[in-house]
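Trainee: Here it is, the structure, as structure tokens.
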Amino acid sequence: MIAFIEHSFLDEQNDAAQWQAALQEIQGTVAYDSIFTGLAGKDFGGMNRSKPLAVVRPASSLDVRTVIKAAQTTSYLTVAARGNGHSINGQAMADKGLVIDMRAIGDHPSINVVVSSVNDDNSPLYFADVSGGALWEDVLNRCVLDYGLAPRSWTDYLALTVGGTLSNAGVSGQAFRYGPQTSNVTELEVVTGRGETVICSESVNPDLFFSVLGGLGQFGVITRARISLQKAPIKVKWIRLVYAEFDDFTRDSEFLVSQPQEDSFDYVEGFVFVNSDDPVNGWPSVTLDSDQWFNPDFLPPGSGSVLYCLELGFHIHQNQHLSQVNSKVESLIERLSFVRGLRFQVDVSYMEFLLRVKKAEQQATASGIWEAPHPWLNLFVSKRDIADFDRTVFKKLLNGGIGGPMLVYPLLRSRWDTRTSVVIPEGDIFYLVALLRFTSPNQRVQDLVAQNMKIVRHCKNKRYDFTLYLAHYQTQEEWKQHFGNQWQRFVERKAMFDPMAILAPGQKIFSRNQKIGQLL
Ligand code: FAD
């Protein structure tokens, strides 16, 4: 036994010399320093710590390939692409492996706007070619300010990387119309777990293209993405409508997401809030401007412990007459069953609208809670079960709020491409439920995690049609259940593109050198 340990120790030392020598080829930088490895061992969730052996700041996709090739020379090294480290549960970490800081490629983000083809009516189709480590915020600035164009589908918060959200799905209030961000990308450059750089799209190397989208970093590192653009509006009419009854709220939001574009809003989201004057969880969290006031006298008698807010955005384009916009908006709102008197509205620039969460970030940073742990839970719950979820979770378990937003809004299955690796419920309409908890000093993180687990158990026990978004599990068996009948395909894809299980170990789906073929 001792001889074996000594042998493997020597082996590792030789291996280390070999992979470190391989990394010397890199044009970017390699840091072994604990300041860098320590930073790469943390994430937004703040609940996990896992130090890599080194952090590579690549200059290009060639460097990404070199890192993967270096890991291949050993039997134990793993590689994690790290976007902006905004995962909750260590998904972008590589314990004693190599972390690729994708922001380094994004430091001088290559964001090029191109016209690559024309529509049937001869109008041009615009795209942005974007490096995988670019922040969506950078994409916004470049496309809108320089070209008056914008991606169609966003996330609520934009300090996330293009590669990071495309590895999950990327959803916000535009997804009901255009699908998630994974439905709005037409071409990728990927460095696979085999160390091959491949261009892929729906028609070229489609297996890789669809594997990587929503693929949790398991198949390759996205080094470039081609994103569909459309004409950017100049302003947004941003509206919040309050509901006392969940039925009314869901009926109206499902109606709006199912209407044709000309009969609806451009952005539809919603959230649950507490029926009290609590500044974080209650009425004040609904108003959009400091001169607005939530008057509870408008609430119908007998309103419950929680209330609902439908959040809408209507795009205003250059040369559009405001009076026409206003009458269109009024005709849409007229049909909705919100509590009259509890309507809040502001007109903001398109940039201000898309950067709305940045403001909240600045406030939370100032008060110190941005840095505190974030035991978030994100679910997709089918329309069939959302009313029960409301009765048992929102109205009972969480009726005092969670110290942060409780989002709930509908999405249409038809806008999701089931060839990607994302797992969604079966129902035609399903709701994103996001419990975006901010931990206060008097709360224990483990209690909040336990409450999340209780909610997930409840969904399972009640046999809801639901899946976890941004899921994390501890065992392969749990992942197998998560993927259900898509597990076989996921494993086949892994065997094809990362057979040594080098990539994204923080997801805890496969372990290094696991015989992937035996799982088939
Ligand atoms: P990381 O956390 O760094 O990485 C996530 C995973 O992707 C890891 O497994 C990593 O290895 C892999 N990865 C990263 N880059 C690449 C790449 N280039 N190629 C291949 N794999 C890669 N999500 C939404 O859908 N909608 C929202 O509105 C939304 N809002 C958010 C707001 C906040 C404040 C936060 C913290 C998160 C939010 N998210 C939202 C979740 C977000 O999409 C995920 O956290 C996602 O992981 C993006 O973060 P990131 O770029 O920092 O990636």
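Please note that chains go A, B, ... in the order of the structure tokens, that every chain numbers its residues from 1, and that ligands are numbered from 1 in the order shown.
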Find the nearest atom pair between each residue of chain A and ligand 1 for residues within 6 Å, count only C-alpha atoms and all ligand atoms, give distances in Å to one decimal, sort rows by chain and ascending number, and present the table as a tab-separated table.
Mentor:
residue	atom	partner	partner_atom_place_in_ligand_line	distance
A:Phe44	CA	ligand 1	36 (C)	5.7
A:Ala80	CA	ligand 1	11 (O)	4.7
A:Ala81	CA	ligand 1	11 (O)	4.2
A:Arg82	CA	ligand 1	3 (O)	3.9
A:Gly83	CA	ligand 1	3 (O)	3.3
A:Asn84	CA	ligand 1	52 (O)	3.2
A:Gly85	CA	ligand 1	3 (O)	3.5
A:His86	CA	ligand 1	52 (O)	3.6
A:Ser87	CA	ligand 1	2 (O)	3.6
A:Gln91	CA	ligand 1	9 (O)	4.4
A:Ala92	CA	ligand 1	8 (C)	3.8
A:Gly132	CA	ligand 1	18 (N)	4.5
A:Gly133	CA	ligand 1	18 (N)	5.7
A:Thr155	CA	ligand 1	28 (O)	3.7
A:Asp156	CA	ligand 1	28 (O)	3.6
A:Tyr157	CA	ligand 1	32 (C)	4.7
A:Leu160	CA	ligand 1	51 (O)	4.0
A:Thr161	CA	ligand 1	51 (O)	3.6
A:Gly163	CA	ligand 1	18 (N)	3.5
A:Gly164	CA	ligand 1	51 (O)	3.6
A:Thr165	CA	ligand 1	43 (O)	4.4
A:Ser167	CA	ligand 1	7 (O)	5.1
A:Ala169	CA	ligand 1	25 (O)	5.7
A:Gly170	CA	ligand 1	25 (O)	3.3
A:Val171	CA	ligand 1	25 (O)	3.9
A:Ser172	CA	ligand 1	28 (O)	5.2
A:Leu216	CA	ligand 1	9 (O)	5.1
A:Gly217	CA	ligand 1	21 (N)	3.6
A:Gly220	CA	ligand 1	20 (C)	5.8
A:Val221	CA	ligand 1	19 (N)	3.6
A:Ile222	CA	ligand 1	19 (N)	3.7
A:Thr223	CA	ligand 1	18 (N)	5.6
A:Ala504	CA	ligand 1	11 (O)	4.7
A:Gln507	CA	ligand 1	9 (O)	5.9
Trainee: Okay, now the selection with C-alpha atoms, as a compact mmCIF listing (two decimals), in the first residue's frame?
Mentor:
# COMPACT_ATOMS: atom_id res chain seq x y z
CA PHE A 44 -22.08 34.54 -5.76
CA ALA A 80 -13.86 24.69 -15.28
CA ALA A 81 -14.68 27.67 -17.45
CA ARG A 82 -15.58 30.47 -15.06
CA GLY A 83 -17.84 33.18 -16.43
CA ASN A 84 -18.49 35.84 -13.82
CA GLY A 85 -18.74 33.31 -10.98
CA HIS A 86 -22.42 34.12 -10.46
CA SER A 87 -23.38 30.54 -9.78
CA GLN A 91 -20.86 25.13 -10.49
CA ALA A 92 -17.91 27.11 -11.94
CA GLY A 132 -17.90 33.71 -24.56
CA GLY A 133 -16.51 35.70 -21.64
CA THR A 155 -31.59 38.01 -18.30
CA ASP A 156 -32.84 40.38 -15.59
CA TYR A 157 -29.29 41.10 -14.49
CA LEU A 160 -23.40 37.58 -16.36
CA THR A 161 -21.32 36.18 -19.17
CA GLY A 163 -21.07 31.62 -22.13
CA GLY A 164 -22.39 31.29 -18.57
CA THR A 165 -26.05 31.99 -19.37
CA SER A 167 -24.76 27.04 -20.56
CA ALA A 169 -30.78 28.88 -20.59
CA GLY A 170 -30.97 32.62 -19.83
CA VAL A 171 -34.51 33.79 -19.09
CA SER A 172 -36.26 37.05 -18.46
CA LEU A 216 -23.99 23.11 -17.96
CA GLY A 217 -20.46 23.41 -19.35
CA GLY A 220 -17.15 22.26 -24.35
CA VAL A 221 -16.14 25.80 -23.58
CA ILE A 222 -18.05 28.44 -25.55
CA THR A 223 -15.45 30.86 -26.86
CA ALA A 504 -17.19 21.61 -15.39
CA GLN A 507 -21.72 20.61 -11.52
Trainee: Name the residues in contact with stretch 478-492 of chain A at a cut-off of 8 Å, using only C-alpha atoms, excluding same-chain residues fewer than 5 positions from it; report them as number ranges by chain.
Mentor: A: 211, 421, 423, 467-468, 473, 509, 516-517, 519-520
Trainee: Write a file of the just-selected residues containing N, CA, C and O atoms, as a compact mmCIF listing (two decimals), in the first residue's frame.
Mentor:
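As a result, again30.txt now contains:
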# COMPACT_ATOMS: atom_id res chain seq x y z
N SER A 211 -25.97 20.25 -27.85
CA SER A 211 -25.46 19.72 -26.57
C SER A 211 -25.03 20.87 -25.67
O SER A 211 -25.37 20.92 -24.49
N SER A 421 -29.82 20.99 -24.31
CA SER A 421 -29.70 20.14 -23.12
C SER A 421 -30.56 20.60 -21.94
O SER A 421 -30.57 19.96 -20.89
N VAL A 423 -33.59 21.11 -19.42
CA VAL A 423 -34.73 20.25 -19.06
C VAL A 423 -35.87 21.14 -18.57
O VAL A 423 -35.69 21.94 -17.65
N THR A 467 -39.26 21.18 -12.95
CA THR A 467 -37.83 20.87 -12.98
C THR A 467 -37.10 21.98 -12.24
O THR A 467 -37.65 23.08 -12.07
N LEU A 468 -35.90 21.70 -11.80
CA LEU A 468 -35.08 22.75 -11.19
C LEU A 468 -34.34 23.48 -12.30
O LEU A 468 -33.84 22.85 -13.23
N TYR A 473 -26.95 19.17 -7.58
CA TYR A 473 -27.18 17.95 -6.80
C TYR A 473 -25.84 17.42 -6.33
O TYR A 473 -24.79 17.81 -6.84
N ILE A 509 -21.80 16.22 -11.96
CA ILE A 509 -22.61 15.27 -12.73
C ILE A 509 -21.79 14.01 -13.02
O ILE A 509 -22.26 12.88 -12.85
N ILE A 516 -17.55 6.75 -18.97
CA ILE A 516 -18.85 7.30 -19.41
C ILE A 516 -19.61 6.25 -20.23
O ILE A 516 -20.83 6.08 -20.07
N GLY A 517 -18.87 5.51 -21.05
CA GLY A 517 -19.51 4.51 -21.91
C GLY A 517 -20.31 3.50 -21.10
O GLY A 517 -21.36 3.02 -21.55
N LEU A 519 -22.10 4.00 -18.62
CA LEU A 519 -23.38 4.56 -18.15
C LEU A 519 -24.47 4.41 -19.20
O LEU A 519 -25.64 4.64 -18.94
N LEU A 520 -24.03 4.07 -20.42
CA LEU A 520 -25.01 4.04 -21.52
C LEU A 520 -25.84 2.75 -21.48
O LEU A 520 -25.39 1.73 -21.03
Trainee: Excluding stretch 354-358 of chain A and any residue of its chain fewer than 3 positions from it, enumerate the residues within 8 Å of it, using only C-alpha atoms, and give them as a list in words.
Mentor: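 What passes the distance filter is Glu137, Asp156, Tyr157, Leu158, Tyr350, Met351, Glu361 and Gln362 of chain A.
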Trainee: Pick from A:Asn275, A:Ser153, A:Ser123, A:Thr250: nearest to A:Leu336, with only C-alpha atoms counted?
Mentor: A:Thr250
Trainee: Could you state the separation of atom CA of A:Val242 and atom CA of A:Gly282 in Å, given to one decimal place?
Mentor: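 Atom CA of A:Val242 sits 11.9 Å away from atom CA of A:Gly282.
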Trainee: Can you pull out every residue within 7 Å of A:Leu53, counting only C-alpha atoms, but drop anything in the same chain fewer than 2 positions away, and send it as a PDB file with N, CA, C and O atoms, in the first residue's frame?
Mentor:
ATOM      1  N   TYR A  32      -0.735  30.756 -10.097  1.00  0.00           N
ATOM      2  CA  TYR A  32      -0.791  29.686  -9.089  1.00  0.00           C
ATOM      3  C   TYR A  32      -0.983  30.299  -7.697  1.00  0.00           C
ATOM      4  O   TYR A  32      -1.190  29.596  -6.725  1.00  0.00           O
ATOM      5  N   THR A  37      -6.294  31.878  -6.943  1.00  0.00           N
ATOM      6  CA  THR A  37      -6.999  30.594  -6.786  1.00  0.00           C
ATOM      7  C   THR A  37      -8.103  30.747  -5.731  1.00  0.00           C
ATOM      8  O   THR A  37      -9.164  30.139  -5.841  1.00  0.00           O
ATOM      9  N   LYS A  51     -10.669  25.420  -3.961  1.00  0.00           N
ATOM     10  CA  LYS A  51      -9.559  26.093  -4.665  1.00  0.00           C
ATOM     11  C   LYS A  51      -9.037  25.262  -5.823  1.00  0.00           C
ATOM     12  O   LYS A  51      -8.773  24.070  -5.665  1.00  0.00           O
ATOM     13  N   LYS A  96      -8.978  21.498  -6.986  1.00  0.00           N
ATOM     14  CA  LYS A  96      -7.645  20.991  -7.380  1.00  0.00           C
ATOM     15  C   LYS A  96      -7.544  20.759  -8.891  1.00  0.00           C
ATOM     16  O   LYS A  96      -6.864  19.847  -9.352  1.00  0.00           O
ATOM     17  N   GLY A  97      -8.274  21.562  -9.621  1.00  0.00           N
ATOM     18  CA  GLY A  97      -8.195  21.486 -11.087  1.00  0.00           C
ATOM     19  C   GLY A  97      -7.727  22.829 -11.637  1.00  0.00           C
ATOM     20  O   GLY A  97      -7.042  23.586 -10.950  1.00  0.00           O
ATOM     21  N   LEU A  98      -8.121  23.108 -12.879  1.00  0.00           N
ATOM     22  CA  LEU A  98      -7.729  24.363 -13.522  1.00  0.00           C
ATOM     23  C   LEU A  98      -8.989  25.174 -13.820  1.00  0.00           C
ATOM     24  O   LEU A  98      -9.966  24.620 -14.341  1.00  0.00           O
TER      25      LEU A  98
END
Trainee: Would you please extract all helix (DSSP H, G or I) residues from stretch 39-276 of chain A, as assigned by DSSP on the backbone, and give them as a PyMOL selection string?
Mentor: chain A and resi 39-40+61-72+103-106+136-147+162-166+175-178+181-183+206-212+246-258+261-263
Trainee: Just list the residues in stretch 98-298 of chain A DSSP gives strand (DSSP E) on the backbone, as a ChimeraX atom specification.
Mentor: /A:98-101,111-118,124-131,149-151,185-192,197-201,220-231,235-243,267-274
Trainee: Quick one: residues within 6 Å of stretch 316-320 of chain A, only C-alpha atoms, excluding same-chain residues fewer than 3 positions away - as a list in words?
Mentor: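 Once the nearby chain positions are removed, what remains is Pro233, Ile234, Lys235 and Val236 of chain A.
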Trainee: May I have the residues from that selection written out with N, CA and C atoms, as a PDB file, in the first residue's frame?
Mentor:
ATOM      1  N   PRO A 233     -35.521  49.522 -29.092  1.00  0.00           N
ATOM      2  CA  PRO A 233     -36.407  50.663 -28.839  1.00  0.00           C
ATOM      3  C   PRO A 233     -35.610  51.771 -28.147  1.00  0.00           C
ATOM      4  N   ILE A 234     -36.175  52.964 -28.079  1.00  0.00           N
ATOM      5  CA  ILE A 234     -35.445  54.016 -27.361  1.00  0.00           C
ATOM      6  C   ILE A 234     -35.917  54.117 -25.912  1.00  0.00           C
ATOM      7  N   LYS A 235     -37.173  53.775 -25.698  1.00  0.00           N
ATOM      8  CA  LYS A 235     -37.714  53.877 -24.331  1.00  0.00           C
ATOM      9  C   LYS A 235     -38.583  52.675 -24.018  1.00  0.00           C
ATOM     10  N   VAL A 236     -38.874  52.533 -22.736  1.00  0.00           N
ATOM     11  CA  VAL A 236     -39.787  51.464 -22.305  1.00  0.00           C
ATOM     12  C   VAL A 236     -40.790  52.059 -21.316  1.00  0.00           C
TER      13      VAL A 236
END
Trainee: Quick one: residues within 7 Å of A:Tyr464, only C-alpha atoms counted, chain neighbours fewer than 3 positions away excluded, as a PyMOL selection string?
Mentor: chain A and resi 385+459-460
Trainee: Pull N, CA, C and O atoms from the residues just selected and write them as a PDB file, in the first residue's frame.
Mentor:
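To be explicit, this is the file written out as part32.pdb:
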ATOM      1  N   ASP A 385     -49.729  22.970 -11.927  1.00  0.00           N
ATOM      2  CA  ASP A 385     -49.457  22.873 -10.493  1.00  0.00           C
ATOM      3  C   ASP A 385     -49.182  24.210  -9.814  1.00  0.00           C
ATOM      4  O   ASP A 385     -48.940  24.252  -8.613  1.00  0.00           O
ATOM      5  N   CYS A 459     -42.672  19.587  -3.902  1.00  0.00           N
ATOM      6  CA  CYS A 459     -43.000  19.476  -5.336  1.00  0.00           C
ATOM      7  C   CYS A 459     -42.924  18.014  -5.785  1.00  0.00           C
ATOM      8  O   CYS A 459     -43.738  17.560  -6.598  1.00  0.00           O
ATOM      9  N   LYS A 460     -41.936  17.303  -5.255  1.00  0.00           N
ATOM     10  CA  LYS A 460     -41.794  15.877  -5.633  1.00  0.00           C
ATOM     11  C   LYS A 460     -42.934  15.055  -5.066  1.00  0.00           C
ATOM     12  O   LYS A 460     -43.554  14.258  -5.769  1.00  0.00           O
TER      13      LYS A 460
END
Trainee: Can you tell me which residues surround A:Val130 at a distance of at most 7 Å, considering only C-alpha atoms, apart from same-chain residues fewer than 4 positions away, and format the answer as a VMD selection string?
Mentor: chain A and resid 110 to 112 134 224 to 226
Trainee: Could you take the residues named above and write them with C-alpha atoms, as a PDB file, in the first residue's frame?
Mentor:
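Produced file selection-v2.pdb, reproduced below:
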ATOM      1  CA  SER A 110     -14.760  41.095 -29.141  1.00  0.00           C
ATOM      2  CA  ILE A 111     -18.290  42.187 -30.003  1.00  0.00           C
ATOM      3  CA  ASN A 112     -18.780  42.621 -33.719  1.00  0.00           C
ATOM      4  CA  ALA A 134     -18.195  38.992 -22.544  1.00  0.00           C
ATOM      5  CA  ARG A 224     -17.711  32.754 -29.276  1.00  0.00           C
ATOM      6  CA  ALA A 225     -21.439  33.071 -29.834  1.00  0.00           C
ATOM      7  CA  ARG A 226     -23.415  34.603 -32.678  1.00  0.00           C
TER       8      ARG A 226
END
